[in-house]
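Note sheet for the following structure.
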Number of protein chains: 2
Amino acid sequence: MRIDLRCVPCNMQAMLRIMDENSIEREEQITVMSGFLRKMAKMDLDSETPIDIGRNVGESLELVFKGSDPFREIKKASNKALLEIYDQLKQRLLRLPDPLKAAIKLSVAGNIIDFAPGHRIDIDRTLEQALSQQFALDDLDLLVSRIRSTPDMLIIGDNCGEAVLDKLLMEIAAVPETYFAVRSKPALNDITMKEALEIGLDEVATLVDSGAEAPGAQEKSMSEELTRVYSEANIVISKGQGNLEGLSSAEREVFFLLMAKCEVIASFLGVKKGSFVAYRKA
Amino acid sequence: MRIDLRCVPCNMQAMLRIMDENSIEREEQITVMSGFLRKMAKMDLDSETPIDIGRNVGESLELVFKGSDPFREIKKASNKALLEIYDQLKQRLLRLPDPLKAAIKLSVAGNIIDFAPGHRIDIDRTLEQALSQQFALDDLDLLVSRIRSTPDMLIIGDNCGEAVLDKLLMEIAAVPETYFAVRSKPALNDITMKEALEIGLDEVATLVDSGAEAPGAQEKSMSEELTRVYSEANIVISKGQGNLEGLSSAEREVFFLLMAKCEVIASFLGVKKGSFVAYRKA
């Protein structure tokens, strides 16, 4: 996906919010902002993707976070909140007429579950919201039938929290060979190898380091391992906006599962902001 | 006022909006955005003001507007809409117990009058809204009493539309020597000499070119003429957010009249966003 210029101020605002939430002093914030501006000034806005802006954000934030992960606590909290209800969600899904389709819907809804710290997630409400969603682009039935007969499947992961629901999806799908790709470095609240192991994703999938040091996978920056799995897998599922930004012009078939959280993504897909999407790009 | 880093993405969004509203093609928008990023990358974010960001926006937009004023039509329309009801507003004010105070309030409210094209402004509603406003910082009575006895006064203008209400204020105040400062070059919908003459501000004031090529006056960039008037006038009134950004640390007494339209300005003044302000800086 090419850059919509609105992605520049939007990424900037996210960068400032991250620093504010971590009580970074003005002087250091200026260092980060100036670093970001210098990177952006050199960027070819016509040929790069929104993910490249995200990578600039990440690299600029490193000037003050220096290897510590500003999202570490929130990532742990959201994973924990969903792991606590994992077994109950699984039992509830298995009692439904089509557990696999329900698990896919739930894994898309993972994007919007409210992880208020110190509160247990309301299982009834979460399930009801997830299962009652109308999908603005709806290739769910096709995806379900493909999963039932595939020998292998790759899911390219997105956020923590959501990734626990991807685990549930992979367990219920029970595809013989399942791969799950994680970011190579912390990027926003996206899942890395560290959190993937913490939530036991290795129990249901072979974990693959994606090579992505930004909040989205791109064919041009995939690790050797991911390149192999990605090109050979019978089904590739891309979760979330970031991966769509990087893979929208993928050279192979990809199933995109996401909620369209911003105007740019919504208008790219031709749906309303807030829509749920299960879109097969042939 | 120093730069709040949130001013950077905010200015960027305004710049993109201006280009969208003028149907500027993506390729040209990229040229403008890249130009803006290069200017911002060189900027000392610690020592310059938000107005300097606004000047960068203006200079970057020149790359595509090349001397034509993207706000020309909207400036004419908002001036016209208020000129049409000028005489009626004047008659109504003159029947009030304190026409001068009412005229000041109305000139602050000029910031938020809705100039929907093709619609006449509702006089009753406008007056009622303006006169019922509670001011979060309220030096109105002091300003009124000072105006009644001053031999001279300078108003540093802000938007078109609003400037018609400044004209009404100056007519009702009838200060022996009145000066009105305008921007030296188009900057957003701010008033320049051209529009000031169109609305007959020269009938009630001596017009002064401010030297400001950005959406706000600053002591460091005032024209020679404004520097003289500004330093000698018994009363200086600064209209709007832009002039506050540039003059908040002025070396002389200034009366700031504005609505706090954004979080940055509101928190700088210690008021809620949306507040009306008449603030005397000693």
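All residue names refer to the structure tokens as shown: chains lettered A, B, ... in order, residues numbered from 1 in each chain, ligands numbered from 1 in order.
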
Would you return as a PyMOL selection string the members of range 33-270 of chain A that DSSP assigns to strand (DSSP E or B) on this structure's backbone?
chain A and resi 135-138+152-156+159+177-183+190+192+206-209+236-239+254-259

Write out the residues from the selection above, keeping C-alpha atoms, as a compact mmCIF listing (two decimals), in the first residue's frame.
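Generated file (selection.txt):
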```txt
# COMPACT_ATOMS: atom_id res chain seq x y z
CA PHE A 135 -18.19 -8.19 7.85
CA ALA A 136 -18.03 -5.39 5.26
CA LEU A 137 -15.84 -7.63 3.08
CA ASP A 138 -16.75 -11.21 3.79
CA ASP A 152 -0.55 -26.06 6.11
CA MET A 153 -1.29 -22.45 7.05
CA LEU A 154 0.69 -19.33 7.94
CA ILE A 155 -0.69 -16.57 10.16
CA ILE A 156 1.24 -13.30 10.20
CA ASN A 159 -0.96 -7.19 18.32
CA GLU A 177 1.35 -27.70 9.79
CA THR A 178 0.74 -24.24 11.23
CA TYR A 179 3.19 -21.35 11.17
CA PHE A 180 2.92 -18.08 13.06
CA ALA A 181 5.10 -15.09 12.15
CA VAL A 182 6.17 -12.53 14.76
CA ARG A 183 7.95 -9.17 14.49
CA ASP A 190 2.87 -6.02 18.16
CA THR A 192 7.52 -10.55 19.08
CA THR A 206 5.94 -23.25 14.42
CA LEU A 207 7.07 -19.72 15.25
CA VAL A 208 8.77 -17.75 12.50
CA ASP A 209 10.76 -14.56 12.87
CA VAL A 236 -1.56 -17.16 4.31
CA ILE A 237 -3.57 -15.10 6.80
CA SER A 238 -2.47 -11.52 7.47
CA LYS A 239 -3.78 -10.00 10.69
CA VAL A 254 -3.45 -13.57 1.09
CA PHE A 255 -6.47 -13.56 3.41
CA PHE A 256 -6.55 -10.23 5.25
CA LEU A 257 -8.36 -10.26 8.60
CA LEU A 258 -8.69 -6.87 10.29
CA MET A 259 -10.80 -4.08 11.57
```

Return the neighbours of chain B among the residues of chain A, cut-off 12 Å, counting only C-alpha atoms, as an MDAnalysis selection string.
chainID A and resid 2:17 19:20 25:47

From the DSSP assignment of the backbone, select every residue of range 87-258 of chain A that is helix (DSSP H, G or I), and format the answer as JSON, numbers by chain.
{"A": [87, 88, 89, 90, 91, 92, 93, 94, 99, 100, 101, 102, 103, 104, 105, 106, 107, 108, 109, 110, 111, 112, 123, 124, 125, 126, 127, 128, 129, 130, 131, 132, 140, 141, 142, 143, 144, 145, 146, 147, 148, 149, 162, 163, 164, 165, 166, 167, 168, 169, 170, 171, 172, 173, 193, 194, 195, 196, 197, 198, 201, 202, 203, 219, 220, 221, 224, 225, 226, 227, 228, 229, 230, 231, 232, 240, 241, 242, 243, 244, 245, 246, 247]}

Near-Asp52 in chain B list (8 Å; only C-alpha atoms; drop same-chain fewer than 4 positions) as a PyMOL selection string
chain B and resi 48+56+214

Pick from A:Leu226, A:Val144, A:Ile199, A:Val204 nearest to Arg280 in chain A, counting only C-alpha atoms
A:Val144

Can you work out which one of A:Ser210, A:Asn234, A:Ser132, A:Ser107 has the shortest atom-to-atom distance to Ser149 in chain A, counting only C-alpha atoms?
A:Asn234

Which residue gives the smallest distance to Asp139 in chain A among A:Val57, A:Ala282, A:Ser249, A:Val277, with only C-alpha atoms counted?
A:Val277

Near range 64-70 of chain B, within 10 Å and counting only C-alpha atoms, which residues show up once chain neighbours fewer than 2 positions away are dropped, as a ChimeraX atom specification?
/B:18-19,21-22,24-25,28-29,31-32,58-62,72-75,185-189

Just write the chosen residues, N, CA and C atoms, as a PDB file, in the first residue's frame.
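Saved to again02.pdb:
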```pdb
ATOM      1  N   ILE B  18      -5.837  21.940   3.479  1.00  0.00           N
ATOM      2  CA  ILE B  18      -5.878  23.044   2.518  1.00  0.00           C
ATOM      3  C   ILE B  18      -5.678  22.501   1.105  1.00  0.00           C
ATOM      4  N   MET B  19      -4.732  21.574   0.959  1.00  0.00           N
ATOM      5  CA  MET B  19      -4.469  21.038  -0.379  1.00  0.00           C
ATOM      6  C   MET B  19      -5.633  20.182  -0.863  1.00  0.00           C
ATOM      7  N   GLU B  21      -8.772  20.505  -0.027  1.00  0.00           N
ATOM      8  CA  GLU B  21      -9.890  21.392  -0.354  1.00  0.00           C
ATOM      9  C   GLU B  21      -9.672  22.111  -1.679  1.00  0.00           C
ATOM     10  N   ASN B  22      -8.407  22.233  -2.083  1.00  0.00           N
ATOM     11  CA  ASN B  22      -8.111  22.873  -3.359  1.00  0.00           C
ATOM     12  C   ASN B  22      -7.774  21.852  -4.443  1.00  0.00           C
ATOM     13  N   ILE B  24      -5.560  19.627  -4.869  1.00  0.00           N
ATOM     14  CA  ILE B  24      -4.166  19.493  -5.312  1.00  0.00           C
ATOM     15  C   ILE B  24      -3.846  18.008  -5.472  1.00  0.00           C
ATOM     16  N   GLU B  25      -3.217  17.664  -6.611  1.00  0.00           N
ATOM     17  CA  GLU B  25      -2.897  16.265  -6.897  1.00  0.00           C
ATOM     18  C   GLU B  25      -1.861  15.710  -5.926  1.00  0.00           C
ATOM     19  N   GLU B  28       1.865  16.664  -6.315  1.00  0.00           N
ATOM     20  CA  GLU B  28       2.201  18.002  -5.813  1.00  0.00           C
ATOM     21  C   GLU B  28       2.128  18.031  -4.281  1.00  0.00           C
ATOM     22  N   GLN B  29       1.183  17.296  -3.732  1.00  0.00           N
ATOM     23  CA  GLN B  29       1.081  17.245  -2.273  1.00  0.00           C
ATOM     24  C   GLN B  29       2.363  16.648  -1.673  1.00  0.00           C
ATOM     25  N   THR B  31       5.330  16.868  -2.991  1.00  0.00           N
ATOM     26  CA  THR B  31       6.349  17.923  -3.091  1.00  0.00           C
ATOM     27  C   THR B  31       6.245  18.873  -1.903  1.00  0.00           C
ATOM     28  N   VAL B  32       5.005  19.285  -1.582  1.00  0.00           N
ATOM     29  CA  VAL B  32       4.795  20.212  -0.472  1.00  0.00           C
ATOM     30  C   VAL B  32       5.179  19.560   0.854  1.00  0.00           C
ATOM     31  N   GLY B  58       3.178  27.820   5.232  1.00  0.00           N
ATOM     32  CA  GLY B  58       2.908  28.793   4.174  1.00  0.00           C
ATOM     33  C   GLY B  58       3.925  28.717   3.055  1.00  0.00           C
ATOM     34  N   GLU B  59       5.203  28.658   3.435  1.00  0.00           N
ATOM     35  CA  GLU B  59       6.257  28.615   2.412  1.00  0.00           C
ATOM     36  C   GLU B  59       6.197  27.318   1.607  1.00  0.00           C
ATOM     37  N   SER B  60       5.841  26.222   2.269  1.00  0.00           N
ATOM     38  CA  SER B  60       5.756  24.941   1.556  1.00  0.00           C
ATOM     39  C   SER B  60       4.575  24.938   0.589  1.00  0.00           C
ATOM     40  N   LEU B  61       3.456  25.523   1.031  1.00  0.00           N
ATOM     41  CA  LEU B  61       2.281  25.586   0.147  1.00  0.00           C
ATOM     42  C   LEU B  61       2.561  26.429  -1.094  1.00  0.00           C
ATOM     43  N   GLU B  62       3.449  27.428  -0.943  1.00  0.00           N
ATOM     44  CA  GLU B  62       3.796  28.280  -2.096  1.00  0.00           C
ATOM     45  C   GLU B  62       4.359  27.465  -3.251  1.00  0.00           C
ATOM     46  N   ARG B  72      -8.447  32.887  -0.608  1.00  0.00           N
ATOM     47  CA  ARG B  72      -9.030  34.125  -1.114  1.00  0.00           C
ATOM     48  C   ARG B  72     -10.567  34.085  -1.123  1.00  0.00           C
ATOM     49  N   GLU B  73     -11.148  33.028  -1.663  1.00  0.00           N
ATOM     50  CA  GLU B  73     -12.616  32.977  -1.797  1.00  0.00           C
ATOM     51  C   GLU B  73     -13.293  32.911  -0.437  1.00  0.00           C
ATOM     52  N   ILE B  74     -12.728  32.101   0.451  1.00  0.00           N
ATOM     53  CA  ILE B  74     -13.353  31.947   1.762  1.00  0.00           C
ATOM     54  C   ILE B  74     -13.215  33.243   2.567  1.00  0.00           C
ATOM     55  N   LYS B  75     -12.113  33.954   2.358  1.00  0.00           N
ATOM     56  CA  LYS B  75     -11.942  35.234   3.050  1.00  0.00           C
ATOM     57  C   LYS B  75     -12.988  36.238   2.559  1.00  0.00           C
ATOM     58  N   LYS B 185       1.581  39.002   4.245  1.00  0.00           N
ATOM     59  CA  LYS B 185       1.339  38.058   3.152  1.00  0.00           C
ATOM     60  C   LYS B 185       0.193  37.146   3.558  1.00  0.00           C
ATOM     61  N   PRO B 186      -0.517  36.570   2.584  1.00  0.00           N
ATOM     62  CA  PRO B 186      -1.585  35.637   2.952  1.00  0.00           C
ATOM     63  C   PRO B 186      -1.057  34.513   3.858  1.00  0.00           C
ATOM     64  N   ALA B 187      -1.759  34.241   4.925  1.00  0.00           N
ATOM     65  CA  ALA B 187      -1.437  33.142   5.826  1.00  0.00           C
ATOM     66  C   ALA B 187      -2.769  32.630   6.347  1.00  0.00           C
ATOM     67  N   LEU B 188      -3.110  31.436   5.959  1.00  0.00           N
ATOM     68  CA  LEU B 188      -4.436  30.881   6.272  1.00  0.00           C
ATOM     69  C   LEU B 188      -5.507  31.903   5.878  1.00  0.00           C
ATOM     70  N   ASN B 189      -6.546  32.026   6.712  1.00  0.00           N
ATOM     71  CA  ASN B 189      -7.599  33.001   6.365  1.00  0.00           C
ATOM     72  C   ASN B 189      -7.397  34.337   7.085  1.00  0.00           C
TER      73      ASN B 189
END
```

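Atom pair CA of Glu203 in chain B / CA of Asp87 in chain B has a distance of 14.7 Å (rounded to one decimal).
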
To one decimal in Å, tell me the separation between CA of Glu195 in chain A and CA of Leu127 in chain A.
24.0 Å

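When CA of Gly240 in chain A is paired with CA of Leu96 in chain A, their separation reads 25.2 Å.
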
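Of the listed residues (A:Cys262, A:Arg228, A:Asp158, A:Ala102), A:Asp158 comes nearest to Gly216 in chain A; the distances count only C-alpha atoms.
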